Amino acid sequence: MEPLKVLIVDDEYLIRNLLRMRIDWQEQGMTIVGEASDAAEALQQVELLRPDIVFTDIYMPRMDGIELSGLILERYPNVKIVVVTGHNEFEYARQSIKLGISDFILKPIRASELLHVTAKLRAGIEQEKGREYELAKLREEMKRSLPYLKERFVNQWLQGLMHEDEVREQVRFYGIPIAADHPQSRIAIIEVQASAPTQAETAAEEVQILLRMEGLKHVQAYYQQDIYTIIVTDTHNRIVILATNPDAKLTEQAGQLLEELRCLLKVDGTEADVTIGIGQLYSGWERVCTAYREACRALDYQTFAGKNQVICFEDLVIRSDKRSQPYRSDKGLLEQLQFCISVGAGEEAASLLEQILAAPFSNAAQFRMAAMDVVTECQRAVMEQQLEGEEVFNKEAVTRMFMAEHLPELRMMLEQHVRAVADVIQAKRQAKEGNLIDQIKAYLEEQMGNAEVGLSSTAAAFYVSPGHLGRLMKKETGQTFVEYLTQLRMKKAESLLKQTDLKGYEIGEQVGIPDPHYFSVLFKKHVGRSMNEYRNVRS
């Protein structure tokens, strides 16, 4: 840290010289950069030298030290001022505390008091400068992070996580231009995907990231002159266009962007599939999340409509007349449906499907929207179970489903699809559970001599819950875990009785039951004879 700069102000040369000579200023981390004999000269010196500390006498001609201190602090509030005063002036000097005077020194000036004051001032200034440095670092860090913070805010806005007052405040903070105080917004979401994945997984991910980055760069350039259009990347790495100008021709622009992106995007010979979903126009700060959800649903429809298209939500929900209500997804039923499919419960899933399709649909388009929800839940269940899509998701069957002209036909095809997915998942689960039971049987065969082996320890060894393992054992063997393990131990005990001359307690220890009495009782209960009787029969 550089030495602190000190200015001495006193109309008496001897006092100024005494202050200069009284202590070793350099040892205190300070240097005297100037002196002034009156207030006017002091103000000039402060302007010129910008000292950190000013020592000033209280009584001087034309302007006293109190008035001078007020002027200095008004212009340079960070300067520390020490008033040098006599005993008879002290009460008057104390009034200057309100001005922000840092300290006082009484005449005659003692070195010990001067050292105490300078040490205290230096510590305070160093602490302030440290805080200022940290604050400057934080401001610089915030400045660098501003684009990411702005993007996070817009994503929270899109997801409906903020109230109108919060949104307004954040919009002002980030300096986002909005076309009107009560904005009308429409949203488009652009999904960019590599057309054909490269062979190496790492290379494929790199190509995917580069294509998205190039796509974002092009979209930002396209809207560079439109201050009322916000461009961000959402949490699914898709490009979001939020237009707050009601006159924005988003559908026409989306068509043009689609063609340009498909033509321009290419990385290492890999081209891009580009699909755009567009929501409807909504009014109000808190309806932005509705516009975003609609754009997401329109984009999801690419599963059925195909990629490289502009899909408008309003085309998916066609109202037959003004009185018809738009289709509303029943989130609770859909979550239950996904759960039932995920556990392979086909009958329960079919029953839930009936409830979902019991909603009052006013036209075929609304029924197809419900069908899209159901198929989407099937896909989520498949992804959750980490199954290969080709095994479960028959694209041709789904396409035929959405081309069906009659509702009974579509209903039947949907039920077939739900049951088929649930059946495949159930078959996979049964195969997996059967394999797990085989492994557990082998484990118990090997570990039966360990008296500590039980339901909890075995479940922990195979990373399943004791309850789940108990149910599996009962389902696969017809016995509880304890019954199966006990039967295994008794069979081993019979074998040892037949083939060896080991004593009863030794056999008990070898099969994991070290208590001779308990082993004897258990053996007789399961075999129907005591160990001696069993051996005598063998003899």
# chains A, B, ... in the order shown; residues from 1 in each chain; ligands from 1
$ select_by_dssp --residues "region 169-406 of chain A" --states "helix (DSSP H, G or I)" --output "VMD selection string"
chain A and resid 169 to 173 201 to 222 250 to 264 285 to 300 302 to 305 313 to 316 331 to 342 346 to 356 364 to 384 389 to 392 395 to 403
$ residues_around --residues "Thr229 (chain A)" --least-positions-apart "2" --cutoff "9 Å" --atoms "only C-alpha atoms" --output "list in words"
Pro177, Ile178, Tyr223, Gln224, Asp226, Ile227, Ile231, Ile241, Leu242, Ala243, Thr244, Asn245 and Ala248 of chain A
$ write_last_selection --atoms "N, CA and C atoms" --output "PDB file, in the first residue's frame"
ATOM      1  N   PRO A 177     -35.469  -2.838 -22.966  1.00  0.00           N
ATOM      2  CA  PRO A 177     -36.544  -2.000 -23.527  1.00  0.00           C
ATOM      3  C   PRO A 177     -37.818  -2.823 -23.731  1.00  0.00           C
ATOM      4  N   ILE A 178     -38.937  -2.294 -23.277  1.00  0.00           N
ATOM      5  CA  ILE A 178     -40.242  -2.934 -23.459  1.00  0.00           C
ATOM      6  C   ILE A 178     -41.130  -1.961 -24.230  1.00  0.00           C
ATOM      7  N   TYR A 223     -31.915 -10.003 -35.218  1.00  0.00           N
ATOM      8  CA  TYR A 223     -32.750  -9.057 -34.468  1.00  0.00           C
ATOM      9  C   TYR A 223     -31.938  -7.904 -33.870  1.00  0.00           C
ATOM     10  N   GLN A 224     -30.751  -7.674 -34.386  1.00  0.00           N
ATOM     11  CA  GLN A 224     -29.853  -6.675 -33.802  1.00  0.00           C
ATOM     12  C   GLN A 224     -30.482  -5.277 -33.751  1.00  0.00           C
ATOM     13  N   ASP A 226     -33.718  -4.609 -33.667  1.00  0.00           N
ATOM     14  CA  ASP A 226     -35.040  -4.623 -33.024  1.00  0.00           C
ATOM     15  C   ASP A 226     -34.862  -4.608 -31.508  1.00  0.00           C
ATOM     16  N   ILE A 227     -34.966  -3.424 -30.902  1.00  0.00           N
ATOM     17  CA  ILE A 227     -34.691  -3.309 -29.464  1.00  0.00           C
ATOM     18  C   ILE A 227     -35.779  -3.945 -28.604  1.00  0.00           C
ATOM     19  N   ILE A 231     -33.543 -11.979 -26.914  1.00  0.00           N
ATOM     20  CA  ILE A 231     -33.047 -13.302 -27.331  1.00  0.00           C
ATOM     21  C   ILE A 231     -32.288 -13.923 -26.165  1.00  0.00           C
ATOM     22  N   ILE A 241     -37.056 -16.495 -28.555  1.00  0.00           N
ATOM     23  CA  ILE A 241     -37.274 -15.138 -29.068  1.00  0.00           C
ATOM     24  C   ILE A 241     -38.521 -14.596 -28.381  1.00  0.00           C
ATOM     25  N   LEU A 242     -38.343 -13.565 -27.537  1.00  0.00           N
ATOM     26  CA  LEU A 242     -39.463 -12.938 -26.832  1.00  0.00           C
ATOM     27  C   LEU A 242     -39.715 -11.569 -27.470  1.00  0.00           C
ATOM     28  N   ALA A 243     -40.779 -11.462 -28.242  1.00  0.00           N
ATOM     29  CA  ALA A 243     -41.126 -10.212 -28.922  1.00  0.00           C
ATOM     30  C   ALA A 243     -42.172  -9.477 -28.102  1.00  0.00           C
ATOM     31  N   THR A 244     -41.848  -8.252 -27.643  1.00  0.00           N
ATOM     32  CA  THR A 244     -42.797  -7.483 -26.831  1.00  0.00           C
ATOM     33  C   THR A 244     -43.466  -6.376 -27.650  1.00  0.00           C
ATOM     34  N   ASN A 245     -43.204  -6.363 -28.945  1.00  0.00           N
ATOM     35  CA  ASN A 245     -43.846  -5.385 -29.836  1.00  0.00           C
ATOM     36  C   ASN A 245     -45.029  -6.069 -30.521  1.00  0.00           C
ATOM     37  N   ALA A 248     -44.809  -7.010 -34.184  1.00  0.00           N
ATOM     38  CA  ALA A 248     -43.771  -7.926 -34.674  1.00  0.00           C
ATOM     39  C   ALA A 248     -44.401  -9.049 -35.498  1.00  0.00           C
TER      40      ALA A 248
END
$ residues_around --residues "Lys331 (chain A)" --least-positions-apart "4" --cutoff "12 Å" --atoms "only C-alpha atoms" --output "MDAnalysis selection string"
chainID A and resid 335:338 356 370 373:374 377
$ atom_distance --atom1 "CA of Val382 (chain A)" --atom2 "CA of Glu415 (chain A)"
16.2 Å
$ residues_around --residues "region 59-72 of chain A" --least-positions-apart "2" --cutoff "7 Å" --atoms "only C-alpha atoms" --output "mmCIF file with all heavy atoms, in the first residue's frame"
data_model
loop_
_atom_site.group_PDB
_atom_site.id
_atom_site.type_symbol
_atom_site.label_atom_id
_atom_site.label_comp_id
_atom_site.auth_asym_id
_atom_site.auth_seq_id
_atom_site.Cartn_x
_atom_site.Cartn_y
_atom_site.Cartn_z
ATOM 1 N N ASP A 11 -1.606 28.595 10.717
ATOM 2 C CA ASP A 11 -1.056 29.902 10.362
ATOM 3 C C ASP A 11 0.278 30.168 11.058
ATOM 4 O O ASP A 11 0.965 31.134 10.748
ATOM 5 C CB ASP A 11 -2.072 31.010 10.698
ATOM 6 C CG ASP A 11 -2.455 31.009 12.166
ATOM 7 O OD1 ASP A 11 -2.348 29.944 12.800
ATOM 8 O OD2 ASP A 11 -2.873 32.068 12.654
ATOM 9 N N ASP A 38 -3.059 29.165 5.597
ATOM 10 C CA ASP A 38 -4.430 29.621 5.807
ATOM 11 C C ASP A 38 -5.397 28.719 5.031
ATOM 12 O O ASP A 38 -4.985 27.840 4.265
ATOM 13 C CB ASP A 38 -4.593 31.089 5.398
ATOM 14 C CG ASP A 38 -4.218 31.340 3.953
ATOM 15 O OD1 ASP A 38 -4.514 30.468 3.098
ATOM 16 O OD2 ASP A 38 -3.631 32.391 3.659
ATOM 17 N N ALA A 39 -6.691 28.986 5.210
ATOM 18 C CA ALA A 39 -7.716 28.122 4.625
ATOM 19 C C ALA A 39 -7.723 28.169 3.105
ATOM 20 O O ALA A 39 -7.893 27.149 2.427
ATOM 21 C CB ALA A 39 -9.090 28.511 5.176
ATOM 22 N N THR A 56 -5.460 20.348 10.751
ATOM 23 C CA THR A 56 -5.715 21.786 10.657
ATOM 24 C C THR A 56 -5.907 22.412 12.044
ATOM 25 O O THR A 56 -6.521 21.816 12.928
ATOM 26 C CB THR A 56 -6.954 22.075 9.796
ATOM 27 O OG1 THR A 56 -7.173 23.494 9.749
ATOM 28 C CG2 THR A 56 -8.207 21.403 10.320
ATOM 29 N N ASP A 57 -5.337 23.621 12.181
ATOM 30 C CA ASP A 57 -5.548 24.395 13.411
ATOM 31 C C ASP A 57 -6.992 24.886 13.411
ATOM 32 O O ASP A 57 -7.607 25.056 12.357
ATOM 33 C CB ASP A 57 -4.569 25.575 13.436
ATOM 34 C CG ASP A 57 -4.624 26.308 14.767
ATOM 35 O OD1 ASP A 57 -5.092 25.700 15.745
ATOM 36 O OD2 ASP A 57 -4.211 27.478 14.795
ATOM 37 N N GLU A 74 -17.192 18.484 2.166
ATOM 38 C CA GLU A 74 -18.266 18.611 1.182
ATOM 39 C C GLU A 74 -17.795 18.195 -0.201
ATOM 40 O O GLU A 74 -18.531 17.552 -0.963
ATOM 41 C CB GLU A 74 -18.730 20.076 1.163
ATOM 42 C CG GLU A 74 -19.969 20.297 0.302
ATOM 43 C CD GLU A 74 -20.403 21.755 0.335
ATOM 44 O OE1 GLU A 74 -20.357 22.382 1.417
ATOM 45 O OE2 GLU A 74 -20.775 22.265 -0.743
ATOM 46 N N ARG A 75 -16.518 18.573 -0.514
ATOM 47 C CA ARG A 75 -15.974 18.241 -1.846
ATOM 48 C C ARG A 75 -15.307 16.857 -1.868
ATOM 49 O O ARG A 75 -15.378 16.158 -2.864
ATOM 50 C CB ARG A 75 -14.938 19.301 -2.266
ATOM 51 C CG ARG A 75 -15.531 20.705 -2.385
ATOM 52 C CD ARG A 75 -14.451 21.716 -2.708
ATOM 53 N NE ARG A 75 -14.922 23.086 -2.525
ATOM 54 C CZ ARG A 75 -14.164 24.166 -2.670
ATOM 55 N NH1 ARG A 75 -12.871 24.029 -2.987
ATOM 56 N NH2 ARG A 75 -14.662 25.370 -2.494
ATOM 57 N N TYR A 76 -14.649 16.483 -0.768
ATOM 58 C CA TYR A 76 -13.898 15.223 -0.729
ATOM 59 C C TYR A 76 -14.263 14.469 0.563
ATOM 60 O O TYR A 76 -13.529 14.508 1.559
ATOM 61 C CB TYR A 76 -12.388 15.486 -0.771
ATOM 62 C CG TYR A 76 -11.969 16.346 -1.934
ATOM 63 C CD1 TYR A 76 -11.712 17.705 -1.752
ATOM 64 C CD2 TYR A 76 -11.860 15.809 -3.217
ATOM 65 C CE1 TYR A 76 -11.346 18.507 -2.819
ATOM 66 C CE2 TYR A 76 -11.483 16.609 -4.281
ATOM 67 C CZ TYR A 76 -11.241 17.956 -4.088
ATOM 68 O OH TYR A 76 -10.878 18.745 -5.151
ATOM 69 N N ILE A 81 -9.972 14.317 8.572
ATOM 70 C CA ILE A 81 -9.530 15.609 9.097
ATOM 71 C C ILE A 81 -9.323 15.504 10.604
ATOM 72 O O ILE A 81 -10.175 14.993 11.338
ATOM 73 C CB ILE A 81 -10.546 16.713 8.767
ATOM 74 C CG1 ILE A 81 -10.605 16.907 7.248
ATOM 75 C CG2 ILE A 81 -10.180 18.021 9.481
ATOM 76 C CD1 ILE A 81 -11.579 17.945 6.779
ATOM 77 N N SER A 96 -17.786 20.353 15.847
ATOM 78 C CA SER A 96 -17.491 19.976 14.461
ATOM 79 C C SER A 96 -17.657 18.482 14.201
ATOM 80 O O SER A 96 -17.504 18.024 13.073
ATOM 81 C CB SER A 96 -16.064 20.392 14.101
ATOM 82 O OG SER A 96 -15.138 19.711 14.934
ATOM 83 N N LEU A 99 -19.845 17.551 11.508
ATOM 84 C CA LEU A 99 -19.335 17.705 10.126
ATOM 85 C C LEU A 99 -18.676 16.428 9.617
ATOM 86 O O LEU A 99 -18.552 16.233 8.413
ATOM 87 C CB LEU A 99 -18.319 18.855 10.050
ATOM 88 C CG LEU A 99 -18.841 20.263 10.354
ATOM 89 C CD1 LEU A 99 -17.670 21.248 10.378
ATOM 90 C CD2 LEU A 99 -19.845 20.683 9.290
#
$ select_by_dssp --residues "region 257-423 of chain A" --states "strand (DSSP E or B)" --output "PyMOL selection string"
chain A and resi 266-267+270-278+282-283+310-312
